[in-house]
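Quick look at protein_15.cif (mmCIF, C-alpha atoms):
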data_final
#
loop_
_atom_site.label_atom_id
_atom_site.label_comp_id
_atom_site.auth_asym_id
_atom_site.auth_seq_id
_atom_site.Cartn_x
_atom_site.Cartn_y
_atom_site.Cartn_z
CA MET C 1 170.61 40.46 46.36
CA GLU C 2 169.42 38.36 49.25
CA ASP C 3 167.09 41.14 50.26
CA HIS C 4 165.38 41.07 46.93
CA THR C 5 164.48 37.40 47.01
CA PHE C 6 163.10 38.11 50.46
CA PHE C 7 160.90 40.88 49.04
CA HIS C 8 159.91 38.70 46.11
CA LYS C 9 158.87 35.86 48.37
CA ILE C 10 156.66 38.19 50.41
CA GLU C 11 155.15 39.69 47.28
CA CYS C 12 154.46 36.24 45.88
CA MET C 13 152.75 35.01 49.04
CA LEU C 14 150.65 38.16 49.37
CA PHE C 15 149.58 37.82 45.73
CA VAL C 16 148.41 34.24 46.18
CA ALA C 17 146.72 34.96 49.51
CA GLY C 18 144.75 37.95 48.23
CA ASP C 19 143.32 38.43 51.71
CA PRO C 20 145.33 40.31 54.30
CA VAL C 21 148.05 38.05 55.69
CA ALA C 22 149.11 38.17 59.34
CA ILE C 23 152.68 39.42 59.61
CA THR C 24 153.36 36.68 62.15
CA GLU C 25 152.45 34.12 59.47
CA LEU C 26 154.88 35.69 57.00
CA ALA C 27 157.58 35.62 59.66
CA ARG C 28 156.83 31.94 60.33
CA VAL C 29 157.12 30.95 56.66
CA LEU C 30 160.23 33.04 56.05
CA ASP C 31 161.72 31.81 59.30
CA CYS C 32 162.60 35.27 60.55
CA SER C 33 161.70 37.44 63.51
CA LEU C 34 158.59 39.58 63.54
CA ALA C 35 160.74 42.72 63.59
CA VAL C 36 162.60 41.62 60.45
CA ALA C 37 159.32 40.87 58.66
CA LYS C 38 157.89 44.24 59.67
CA GLY C 39 161.04 46.02 58.59
CA ALA C 40 161.00 44.32 55.20
CA LEU C 41 157.31 45.12 54.73
CA SER C 42 157.74 48.80 55.49
CA GLU C 43 160.76 48.98 53.14
CA MET C 44 158.75 47.28 50.43
CA GLU C 45 155.84 49.60 51.02
CA GLN C 46 158.04 52.65 50.55
CA LEU C 47 159.64 51.15 47.47
CA TYR C 48 156.25 50.47 45.88
CA ARG C 49 155.05 53.94 46.68
CA SER C 50 158.14 55.74 45.45
CA GLU C 51 157.96 53.86 42.18
CA GLY C 52 154.22 54.61 41.94
CA ARG C 53 153.46 51.00 41.04
CA GLY C 54 150.01 49.82 40.04
CA ILE C 55 150.09 47.47 43.00
CA GLN C 56 150.68 48.96 46.41
CA LEU C 57 151.35 47.34 49.74
CA LEU C 58 148.93 48.06 52.58
CA VAL C 59 150.57 47.31 55.90
CA THR C 60 148.67 47.67 59.16
CA ALA C 61 149.64 46.81 62.71
CA ASP C 62 148.99 43.07 62.23
CA THR C 63 148.60 42.35 58.53
CA ALA C 64 149.89 43.06 55.07
CA GLN C 65 147.93 42.99 51.82
CA LEU C 66 148.47 43.85 48.18
CA VAL C 67 146.02 46.47 46.96
CA SER C 68 145.56 48.35 43.74
CA ASN C 69 146.97 51.85 43.47
CA ARG C 70 144.14 54.20 44.34
CA ASP C 71 145.36 56.77 41.79
CA TYR C 72 144.27 54.47 38.99
CA ILE C 73 140.77 53.71 40.27
CA GLU C 74 139.22 55.46 37.25
CA ASP C 75 140.99 53.07 34.89
CA VAL C 76 139.85 50.10 36.97
CA LYS C 77 136.29 51.39 36.89
CA ARG C 78 136.42 51.77 33.14
CA LEU C 79 137.59 48.18 32.87
CA ILE C 80 135.20 46.37 35.19
CA SER C 81 132.83 48.94 36.74
CA PRO C 82 132.85 47.44 40.26
CA ASP C 83 129.96 47.89 42.69
CA GLU C 84 130.19 51.07 44.67
CA THR C 85 130.63 50.22 48.31
CA LYS C 86 127.84 51.75 50.31
CA SER C 87 128.92 54.84 52.15
CA VAL C 88 128.80 54.87 55.91
CA SER C 89 125.95 56.83 57.52
CA GLN C 90 126.56 59.93 59.59
CA SER C 91 125.62 58.26 62.88
CA LEU C 92 127.98 55.35 62.20
CA LEU C 93 130.79 57.72 61.26
CA GLU C 94 130.38 59.86 64.37
CA THR C 95 130.29 56.80 66.61
CA LEU C 96 133.30 55.33 64.84
CA ALA C 97 135.16 58.63 65.21
CA VAL C 98 134.59 58.71 68.97
CA VAL C 99 135.68 55.09 69.36
CA ALA C 100 138.70 55.54 67.10
CA TYR C 101 140.03 58.74 68.65
CA ARG C 102 139.21 57.97 72.26
CA GLN C 103 139.66 54.20 72.43
CA PRO C 104 139.11 52.27 74.56
CA VAL C 105 135.66 53.66 75.32
CA THR C 106 132.39 52.32 76.64
CA ARG C 107 129.13 52.81 74.85
CA SER C 108 128.05 55.39 77.41
CA ASP C 109 131.25 57.37 76.72
CA VAL C 110 130.19 57.55 73.10
CA GLU C 111 126.66 58.48 74.08
CA ARG C 112 127.93 61.26 76.32
CA VAL C 113 129.77 62.85 73.42
CA ARG C 114 127.02 62.40 70.86
CA GLY C 115 124.11 63.14 73.19
CA VAL C 116 122.07 60.31 71.71
CA ARG C 117 121.78 56.59 72.22
CA CYS C 118 124.26 54.58 70.19
CA ASP C 119 123.18 50.95 70.61
CA TYR C 120 122.38 50.57 66.96
CA ALA C 121 125.50 52.28 65.68
CA VAL C 122 127.75 50.28 68.00
CA THR C 123 126.10 47.00 67.01
CA GLN C 124 126.41 47.86 63.32
CA LEU C 125 130.08 48.78 63.67
CA ILE C 126 130.75 45.48 65.43
CA LYS C 127 128.92 43.67 62.64
CA LEU C 128 130.99 45.51 60.05
CA GLY C 129 134.09 44.37 61.92
CA LEU C 130 135.33 47.93 62.39
CA ILE C 131 135.23 47.91 66.18
CA VAL C 132 135.49 45.12 68.70
CA GLU C 133 135.17 44.63 72.43
CA VAL C 134 138.67 45.00 73.86
CA GLY C 135 137.93 44.56 77.55
CA ARG C 136 135.75 45.59 80.43
CA LYS C 137 135.88 48.83 82.33
CA ASP C 138 136.56 48.38 86.02
CA VAL C 139 133.50 50.29 87.21
CA VAL C 140 130.06 49.22 88.43
CA GLY C 141 128.46 46.92 85.87
CA HIS C 142 131.75 46.26 84.07
CA PRO C 143 130.66 47.80 80.77
CA ALA C 144 132.39 46.64 77.60
CA LEU C 145 135.24 48.76 76.28
CA PHE C 146 135.47 49.14 72.51
CA GLY C 147 138.41 49.75 70.24
CA THR C 148 139.02 49.69 66.51
CA THR C 149 140.11 46.60 64.60
CA ASP C 150 142.78 45.87 62.03
CA LYS C 151 140.02 45.90 59.44
CA PHE C 152 139.28 49.49 60.41
CA LEU C 153 142.90 50.44 59.67
CA ARG C 154 142.74 48.66 56.32
CA GLN C 155 139.42 50.22 55.30
CA PHE C 156 140.77 53.64 56.07
CA GLY C 157 144.16 52.90 54.54
CA ILE C 158 146.30 53.74 57.56
CA HIS C 159 149.00 51.86 59.48
CA CYS C 160 147.87 52.71 62.99
CA VAL C 161 145.34 54.94 64.75
CA ASP C 162 147.93 57.71 65.26
CA GLU C 163 147.71 58.34 61.54
CA MET C 164 144.10 59.45 61.71
CA PRO C 165 143.65 63.12 60.81
CA ASP C 166 144.61 65.39 63.72
CA PHE C 167 144.89 62.46 66.07
CA SER C 168 146.58 64.39 68.87
CA LEU C 169 143.94 67.13 68.66
CA TYR C 170 140.89 64.90 68.96
CA SER C 171 142.24 62.15 71.15
CA HIS C 172 142.23 64.42 74.21
CA ASP C 173 139.39 66.20 75.92
CA ILE C 174 138.66 69.45 74.21
CA LEU C 175 140.27 72.05 76.44
CA GLU C 176 138.37 75.15 77.36
CA ASP C 177 139.95 78.54 77.64
CA ALA C 178 140.90 78.81 81.26
CA GLY C 179 138.68 81.01 83.38
CA GLU C 180 136.35 81.67 80.51
CA GLU C 181 133.25 83.59 81.40
CA ILE C 182 130.03 82.31 79.98
CA PRO C 183 127.93 85.34 79.08
CA ALA C 184 124.44 85.18 80.48
CA VAL C 185 121.29 87.11 79.68
CA MET E 1 107.80 79.76 57.88
CA ALA E 2 111.22 80.36 59.33
CA TYR E 3 112.09 76.78 60.14
CA THR E 4 112.02 74.49 57.21
CA VAL E 5 114.61 72.02 58.46
CA GLN E 6 113.23 68.70 59.60
CA LEU E 7 114.13 67.50 63.07
CA SER E 8 114.71 63.97 61.81
CA GLN E 9 117.65 65.24 59.76
CA PHE E 10 119.64 65.79 62.91
CA GLU E 11 121.71 63.19 64.68
CA GLY E 12 120.40 64.38 68.03
CA PRO E 13 119.84 67.45 70.20
CA LEU E 14 123.52 68.42 70.13
CA ASP E 15 123.51 68.27 66.35
CA LEU E 16 120.44 70.52 66.23
CA LEU E 17 121.99 73.00 68.67
CA LEU E 18 125.20 73.13 66.63
CA HIS E 19 123.16 73.77 63.50
CA LEU E 20 121.34 76.65 65.22
CA ILE E 21 124.63 78.06 66.50
CA GLU E 22 126.08 77.97 63.00
CA GLU E 23 122.98 79.58 61.54
CA ALA E 24 123.10 82.35 64.10
CA GLU E 25 126.85 82.72 63.53
CA VAL E 26 127.60 82.95 67.22
CA ASP E 27 130.33 81.31 69.26
CA VAL E 28 129.44 78.21 71.24
CA LYS E 29 129.95 80.04 74.52
CA ASP E 30 127.45 82.74 73.55
CA ILE E 31 124.65 80.28 73.15
CA PHE E 32 122.75 81.50 76.22
CA VAL E 33 122.68 85.15 75.21
CA SER E 34 121.28 84.35 71.79
CA GLU E 35 117.85 83.36 70.61
CA ILE E 36 118.94 79.77 70.31
CA THR E 37 116.94 78.43 73.23
CA ALA E 38 113.77 79.87 71.74
CA GLN E 39 114.65 78.54 68.31
CA TYR E 40 115.40 75.11 69.72
CA LEU E 41 112.07 75.02 71.51
CA SER E 42 110.22 75.89 68.31
CA TYR E 43 111.49 72.63 66.84
CA MET E 44 109.79 70.67 69.59
CA ASP E 45 106.50 70.87 67.67
CA GLN E 46 107.90 68.17 65.43
CA LEU E 47 108.47 65.74 68.28
CA ASP E 48 105.28 63.84 67.54
CA GLU E 49 106.75 62.59 64.31
CA MET E 50 109.66 60.91 66.08
CA ASP E 51 109.93 57.68 67.96
CA MET E 52 109.83 57.80 71.72
CA ASP E 53 113.58 57.32 72.28
CA THR E 54 114.68 60.05 69.92
CA ALA E 55 111.92 62.40 71.06
CA SER E 56 112.93 62.00 74.70
CA GLU E 57 116.54 62.91 73.85
CA PHE E 58 115.41 66.15 72.25
CA LEU E 59 113.04 66.79 75.11
CA THR E 60 115.75 66.30 77.74
CA MET E 61 117.85 68.93 75.99
CA ALA E 62 114.87 71.29 75.91
CA ALA E 63 114.47 70.82 79.65
CA THR E 64 118.17 71.49 80.21
CA LEU E 65 118.01 74.68 78.17
CA LEU E 66 114.97 75.87 80.09
CA TYR E 67 116.63 75.01 83.37
CA ILE E 68 119.69 77.04 82.41
CA LYS E 69 117.46 79.91 81.37
CA SER E 70 115.58 79.82 84.68
CA ARG E 71 118.85 79.75 86.63
CA GLN E 72 119.85 82.95 84.94
CA LEU E 73 116.63 84.71 85.83
CA LEU E 74 116.91 83.87 89.53
CA PRO E 75 119.57 85.02 91.96
CA ARG E 76 122.12 82.23 92.28
CA PRO E 77 123.15 80.80 95.62
CA PRO E 78 126.93 80.68 96.09
CA ARG E 79 128.43 77.55 94.62
CA GLU E 80 129.04 74.86 97.15
CA ASP E 81 131.62 72.94 95.23
CA GLU E 82 133.91 74.96 93.01
CA ASP E 83 135.02 71.88 91.08
CA GLU E 84 131.54 70.90 90.08
CA GLU E 85 130.57 71.85 86.57
CA SER E 86 127.61 74.14 86.23
CA PRO E 87 124.98 72.99 83.70
CA GLU E 88 126.12 75.84 81.43
CA GLU E 89 129.72 74.68 81.46
CA LEU E 90 128.70 71.10 80.97
CA LEU E 91 126.56 71.89 77.96
CA ILE E 92 129.21 74.06 76.36
CA ARG E 93 131.81 71.36 76.89
CA GLN E 94 129.47 68.78 75.36
CA LEU E 95 128.81 71.01 72.39
CA ARG E 96 132.51 71.61 71.79
CA ASP E 97 133.28 67.94 72.13
CA TYR E 98 130.52 67.00 69.77
CA LYS E 99 131.54 69.69 67.29
CA ALA E 100 135.09 68.36 67.32
CA PHE E 101 133.92 64.83 66.61
CA LYS E 102 131.64 66.00 63.87
CA GLU E 103 134.67 67.52 62.23
CA ALA E 104 136.71 64.42 62.94
CA SER E 105 134.07 62.19 61.41
CA GLU E 106 134.09 64.34 58.27
CA LYS E 107 137.83 63.84 58.01
CA LEU E 108 137.44 60.11 58.61
CA LYS E 109 134.87 60.05 55.85
CA SER E 110 137.23 61.56 53.30
CA LEU E 111 139.94 59.17 54.48
CA PHE E 112 137.54 56.27 53.98
CA GLU E 113 136.47 57.49 50.58
CA SER E 114 139.99 57.76 49.29
CA ALA E 115 140.98 54.40 50.78
CA ARG E 116 137.95 52.88 49.08
CA ASN E 117 139.67 53.41 45.76
CA CYS E 118 142.01 50.55 46.58
CA CYS E 119 140.85 47.24 45.21
CA THR E 120 141.98 43.89 46.51
CA ARG E 121 142.09 40.43 45.05
CA LEU E 122 140.03 37.51 46.22
CA PRO E 123 142.18 34.71 47.63
CA GLU E 124 143.48 32.14 45.18
CA ASP E 125 141.36 29.00 45.17
CA VAL E 126 144.12 26.47 45.75
CA PRO E 127 142.77 22.90 45.58
CA LEU E 128 144.07 20.70 48.37
CA PRO E 129 145.09 17.15 47.43
CA PRO E 130 142.35 14.58 48.08
CA LYS E 131 143.05 12.10 50.84
CA GLU E 132 144.03 8.68 49.52
CA VAL E 133 143.60 5.48 51.48
CA ALA E 134 144.82 2.14 50.19
CA LEU E 135 144.23 -0.89 52.36
CA ASP E 136 145.50 -4.43 52.59
CA GLY E 137 145.38 -7.00 55.32
CA ALA E 138 143.27 -6.42 58.42
CA THR E 139 143.58 -7.85 61.89
CA MET E 140 140.94 -8.70 64.42
CA ASP E 141 142.63 -6.37 66.91
CA GLY E 142 142.31 -3.51 64.48
CA LEU E 143 138.66 -4.27 64.00
CA PHE E 144 138.12 -4.28 67.72
CA ALA E 145 140.00 -0.98 68.14
CA ALA E 146 137.84 0.61 65.46
CA PHE E 147 134.76 -0.72 67.22
CA LEU E 148 135.85 0.75 70.55
CA GLU E 149 136.59 4.06 68.88
CA MET E 150 133.14 4.14 67.41
CA LEU E 151 131.55 3.33 70.76
CA SER E 152 133.46 6.08 72.51
CA ARG E 153 132.41 8.56 69.85
CA LYS E 154 128.79 7.73 70.41
CA THR E 155 127.33 8.70 73.76
CA ASP E 156 123.69 7.87 73.94
CA ALA E 157 121.23 10.47 75.10
CA PRO E 158 119.64 9.41 78.38
CA GLU E 159 116.70 7.20 77.60
CA VAL E 160 113.27 8.17 78.78
CA ILE E 161 112.01 5.34 80.95
CA ARG E 162 108.42 4.42 80.34
CA SER E 163 106.79 2.05 82.71
CA GLN E 164 104.05 0.82 80.38
CA HIS E 165 106.04 0.17 77.27
CA VAL E 166 109.21 -1.77 76.54
CA ASN E 167 110.69 -1.18 73.13
CA PRO E 168 111.58 -4.33 71.21
CA ASP E 169 115.14 -4.60 69.96
CA ARG E 170 115.17 -2.71 66.74
CA TYR E 171 118.36 -4.29 65.52
CA THR E 172 118.92 -8.03 65.20
CA VAL E 173 122.02 -9.79 64.03
CA ARG E 174 119.96 -11.19 61.21
CA SER E 175 118.74 -7.78 60.04
CA GLN E 176 122.23 -6.30 60.23
CA THR E 177 123.67 -9.26 58.33
CA GLY E 178 121.14 -8.58 55.63
CA ARG E 179 122.08 -4.93 55.59
CA ILE E 180 125.77 -5.69 55.23
CA ARG E 181 125.00 -8.12 52.40
CA THR E 182 122.97 -5.47 50.60
CA ILE E 183 125.74 -2.90 50.99
CA LEU E 184 128.38 -5.37 49.78
CA SER E 185 126.31 -6.45 46.79
CA GLU E 186 126.28 -2.81 45.63
CA LYS E 187 129.89 -1.95 46.39
CA THR E 188 132.81 -4.34 46.23
CA ALA E 189 134.39 -2.98 49.38
CA VAL E 190 133.37 -0.60 52.14
CA SER E 191 135.10 0.81 55.18
CA PHE E 192 134.12 -0.31 58.67
CA GLU E 193 132.63 3.12 59.44
CA GLU E 194 130.47 3.11 56.34
CA LEU E 195 128.41 0.22 57.67
CA PHE E 196 126.83 2.45 60.26
CA THR E 197 124.22 5.05 59.65
CA PRO E 198 125.37 8.52 60.67
CA GLY E 199 124.58 9.10 64.34
CA ALA E 200 124.00 5.39 64.92
CA GLU E 201 122.91 4.44 68.41
CA ARG E 202 124.95 2.18 70.62
CA MET E 203 122.72 -0.84 70.10
CA GLU E 204 123.01 -0.60 66.35
CA ILE E 205 126.79 -0.42 66.53
CA ILE E 206 126.99 -3.46 68.82
CA VAL E 207 124.64 -5.57 66.74
CA THR E 208 126.37 -4.61 63.51
CA PHE E 209 129.69 -5.59 65.01
CA MET E 210 128.26 -8.98 66.12
CA ALA E 211 126.90 -9.51 62.63
CA LEU E 212 130.33 -8.77 61.20
CA LEU E 213 131.96 -11.31 63.50
CA GLU E 214 129.41 -13.95 62.51
CA MET E 215 129.94 -13.28 58.84
CA ILE E 216 133.70 -13.53 59.22
CA ALA E 217 133.30 -16.84 61.04
CA ARG E 218 131.17 -18.18 58.18
CA GLY E 219 133.55 -16.90 55.56
CA GLU E 220 131.05 -14.52 54.02
CA ILE E 221 133.32 -11.52 54.10
CA LEU E 222 137.01 -10.61 54.07
CA LEU E 223 138.68 -7.90 56.11
CA ARG E 224 141.73 -5.97 55.04
CA GLN E 225 143.79 -3.50 56.99
CA LYS E 226 146.98 -2.02 55.65
CA ALA E 227 148.61 -1.24 58.97
CA PRO E 228 147.75 -1.41 62.66
CA PHE E 229 145.09 1.22 63.42
CA ALA E 230 144.59 1.96 59.73
CA PRO E 231 140.99 1.98 58.52
CA ILE E 232 139.55 -1.48 57.87
CA ARG E 233 138.09 -2.37 54.49
CA ILE E 234 135.41 -5.03 54.23
CA SER E 235 134.81 -6.93 51.02
CA ALA E 236 132.48 -9.78 50.06
CA ASP E 237 133.82 -13.32 49.87
CA ARG E 238 131.09 -15.97 49.66
CA LEU E 239 127.91 -14.17 50.60
CA LEU E 240 125.23 -16.61 51.78
CA LEU E 241 121.70 -16.06 50.70
CA ASP E 242 119.96 -17.99 53.41
CA ASP E 243 119.63 -16.56 56.86
CA ASP E 244 118.62 -19.64 58.75
CA ALA E 245 122.04 -20.16 60.25
CA TYR E 246 121.58 -16.93 62.18
CA ALA E 247 118.02 -17.51 63.25
CA TYR E 248 118.93 -18.74 66.72
CA MET E 249 120.36 -15.30 67.60
CA ASP E 250 117.20 -13.33 67.07
CA GLU E 251 115.66 -12.29 70.33
CA SER E 252 112.43 -10.91 69.02
CA GLU E 253 110.73 -12.15 65.96
CA ASP E 254 107.18 -11.03 65.59
#

Just dump the structure as C-alpha cells.
Amino acid sequence: MEDHTFFHKIECMLFVAGDPVAITELARVLDCSLAVAKGALSEMEQLYRSEGRGIQLLVTADTAQLVSNRDYIEDVKRLISPDETKSVSQSLLETLAVVAYRQPVTRSDVERVRGVRCDYAVTQLIKLGLIVEVGRKDVVGHPALFGTTDKFLRQFGIHCVDEMPDFSLYSHDILEDAGEEIPAV
Amino acid sequence: MAYTVQLSQFEGPLDLLLHLIEEAEVDVKDIFVSEITAQYLSYMDQLDEMDMDTASEFLTMAATLLYIKSRQLLPRPPREDEDEESPEELLIRQLRDYKAFKEASEKLKSLFESARNCCTRLPEDVPLPPKEVALDGATMDGLFAAFLEMLSRKTDAPEVIRSQHVNPDRYTVRSQTGRIRTILSEKTAVSFEELFTPGAERMEIIVTFMALLEMIARGEILLRQKAPFAPIRISADRLLLDDDAYAYMDESED
C-alpha cells in the first residue's frame, strides 16, 4: 500500500499547484530520486488513462500537471462555456513544425524550408513560449538555434518530441529517389 | 478569368507553386514540363498589392523559374562539379521539403486541437502567514548596526559640482527632531527604518541619526530591541515641545 500513498501525495500536490509542477520539485518533496518520481508519474498516468478518469495526468519531459479528460470537453463546455483559445495561424504552424521536427534549427534553416522570411513567426512563437533559443550555431555570425519548450509538449499533449506524428519521417531530410531524372521541356 | 485565387492567401512562393502543382495534378518532379511556370508568372500581376518583402520573395521565385526555363532552351555545358545541385534539383528538393512540412503542420494542428480540449486548474491561492515582529529592549550597538546597514544600502549618485552655487544643508538636526516628534505623535511606536523617507540620501540618514541620539540623550524617546540585530522600535517618552535646546546645532538658519 506504500505505493498508493505515494501516488496520493503526488495527486494532492498536483491538485493544489494547478500549474505544471517540475518533476524535480516533486522528487525533492517526496525525498526520492528523479527516476523514481518519473516512474511513479508514468504509472499513475497509465492508471488514470486505463480507468478513463475525468482527471488525467499530463506528464512531459520536465513537468507533470493534472488536466481534464479531453473526452468530456463537451460536458465542460455545457457547464461553463470557456473562451475558445485562438487557433494558431498557418505561418506559425509551419514554422513551429520545422522547428519541432528539425530542432535545433536556425531561423535561416526555417526560411530555407518555407521559402519566406520567418522573423515574425519566430518572434511570435518565442512570445507564446512554444520555442526558445537553445544555443548558438558554430558558423559565421553564430546564429541562434531554436528548439521547442516544455510548454510546447504540454500544449500539444505529448510527452516528448518523438511522439509527434510521423516524427521519424519528417525529422530527416526528404530523400529523393536515387538517380531520378528530372524531365525537361 | 482563370485565376481567381489571391496571391496573399499563400504563405509564400513555394506554397503557390505547390497549389499550382496540385491543381495541375502533376508530380513535383514534372513541374518543368507543365504549364506551371507560365501560370506562376501570371500571378505576378498581383505583386503590386503586396508589401515589398513578400513581393520580392515571389519575384525571386519567378526569376528562378525563368532561369531554369532558359537553361533548358540552351545547350548545357558539362557540369563542372557533379556534387553541386542544379537549380532544378534544388527547387524540387525545396518543394518536397516544404510539402512535407505543410503536411506535418496539418498533423500538428489536429494534435493541438485535440490537446486543447484538456482544461487545467489555476493554482490554489494559498495565503502565506504575515511576518510578525515583536520587540523589547534595544541597545545602542544595535542602533548603530542598523544605521551602518542603512548607509551601506544607500550609495549616493555622484553629485554634479557647480562652481557658482553651493546648496545649503537641507536637513538640520532641528528639522529632523521635529519630524520624528510628528511621526511619534501620530504613532506610538515606529521602526528605525520607518523614520527615513524611501530612497533617503546619505545626509538625511546621518542627520536623522544625530537627531535620534540627541533625543535619546534628552529622554524624549525610548528604544527597544528584542535581540541583538533585531529591528529597533522607537517610542515616545517625554517629547519636548521647545526646540531651543537644539538651536546651537543648526548650521544654516535663514

Inset, instruction - List the residues selected by the PyMOL selection byres ((chain E) within 8 of (chain C)) in the file shown, writing them as a PyMOL selection string. - result: chain E and resi 11-14+29-30+32-33+54+57+72+88-89+93-94+96-98+100-102+104-109+111-124

Grab all the atoms of range 66-73 of chain E that the file lists, wrap them in a box along x, y and z, add 8 Å per side, and give me centre plus edge lengths in Å (one decimal) as JSON.
{"center_x": 117.4, "center_y": 79.9, "center_z": 83.4, "size_x": 20.9, "size_y": 25.7, "size_z": 22.5}

Inset, instruction - Please measure the separation of CA of Phe147 in chain E and CA of Ile206 in chain E, giving the value in Å to one decimal. - result: 8.4 Å

Point (134.5, 7.4, 68.7) neighbourhood (12 Å, only C-alpha atoms) written as a PDB file with C-alpha atoms, keeping the file's coordinate frame:
ATOM      1  CA  ALA E 145     140.000  -0.980  68.140  1.00  0.00           C
ATOM      2  CA  ALA E 146     137.840   0.610  65.460  1.00  0.00           C
ATOM      3  CA  PHE E 147     134.760  -0.720  67.220  1.00  0.00           C
ATOM      4  CA  LEU E 148     135.850   0.750  70.550  1.00  0.00           C
ATOM      5  CA  GLU E 149     136.590   4.060  68.880  1.00  0.00           C
ATOM      6  CA  MET E 150     133.140   4.140  67.410  1.00  0.00           C
ATOM      7  CA  LEU E 151     131.550   3.330  70.760  1.00  0.00           C
ATOM      8  CA  SER E 152     133.460   6.080  72.510  1.00  0.00           C
ATOM      9  CA  ARG E 153     132.410   8.560  69.850  1.00  0.00           C
ATOM     10  CA  LYS E 154     128.790   7.730  70.410  1.00  0.00           C
ATOM     11  CA  THR E 155     127.330   8.700  73.760  1.00  0.00           C
ATOM     12  CA  GLU E 193     132.630   3.120  59.440  1.00  0.00           C
ATOM     13  CA  GLY E 199     124.580   9.100  64.340  1.00  0.00           C
ATOM     14  CA  ALA E 200     124.000   5.390  64.920  1.00  0.00           C
ATOM     15  CA  GLU E 201     122.910   4.440  68.410  1.00  0.00           C
ATOM     16  CA  ARG E 202     124.950   2.180  70.620  1.00  0.00           C
ATOM     17  CA  ILE E 205     126.790  -0.420  66.530  1.00  0.00           C
TER      18      ILE E 205
END

Legend entry - Length of the CA of Leu7 in chain E to CA of Met50 in chain E vector [Å]: 8.5 Å

Legend entry - CA of Phe144 in chain E to CA of Asp169 in chain E, straight-line distance in Å: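 We find that CA of Asp169 in chain E and CA of Phe144 in chain E lie 23.1 Å from each other.
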
Inset, instruction - Would you kindly return, as a PyMOL selection string, each protein, DNA or RNA residue with an atom no farther than 9 Å from any atom of Gly142 in chain E, considering all atoms listed in the file and excluding same-chain residues fewer than 4 positions away? - result: chain E and resi 138+146-147+225+227-232

Inset, instruction - For each of C:Asp162, C:Ser42, C:Asp109, C:Thr123, take the minimum atom-to-atom distance to Lys137 in chain C, counting all atoms listed in the file, then give the residue where this is smallest. - result: C:Asp109

Legend entry - Residue nearest Tyr43 in chain E - candidates E:Leu91, E:Ala236, E:Met203, E:Leu20, atoms counted: only C-alpha atoms: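 Comparing E:Leu91, E:Ala236, E:Met203, E:Leu20 against Tyr43 in chain E, the winner is E:Leu20.
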
Legend entry - Residue among E:Leu17, E:Val126, E:Ile234, E:Ile31 lying closest to Leu184 in chain E, counting only C-alpha atoms: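 The shortest atom-to-atom distance to Leu184 in chain E comes from E:Ile234.
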
Legend entry - Answer key for the PyMOL selection byres ((chain C and resi 140-145) around 9), residues as an MDAnalysis selection string: chainID C and resid 103:108 132:139 146:147

Inset, instruction - Would you kindly translate the PyMOL selection byres ((chain C and resi 21) around 6) into the concrete residues it picks from this file, as a PyMOL selection string? - result: chain C and resi 20+22+63-64

Legend entry - Shortest interatomic distance to Glu186 in chain E - which of E:Lys69, E:Ser235, E:Pro198, E:Leu143, counting all atoms listed in the file: E:Ser235

Inset, instruction - Could you check which of C:Ala40, C:Leu34, C:His159, C:Asp62 is closest to Phe6 in chain C, using all atoms listed in the file? - result: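 Of the candidates, the smallest distance to Phe6 in chain C is held by C:Ala40.
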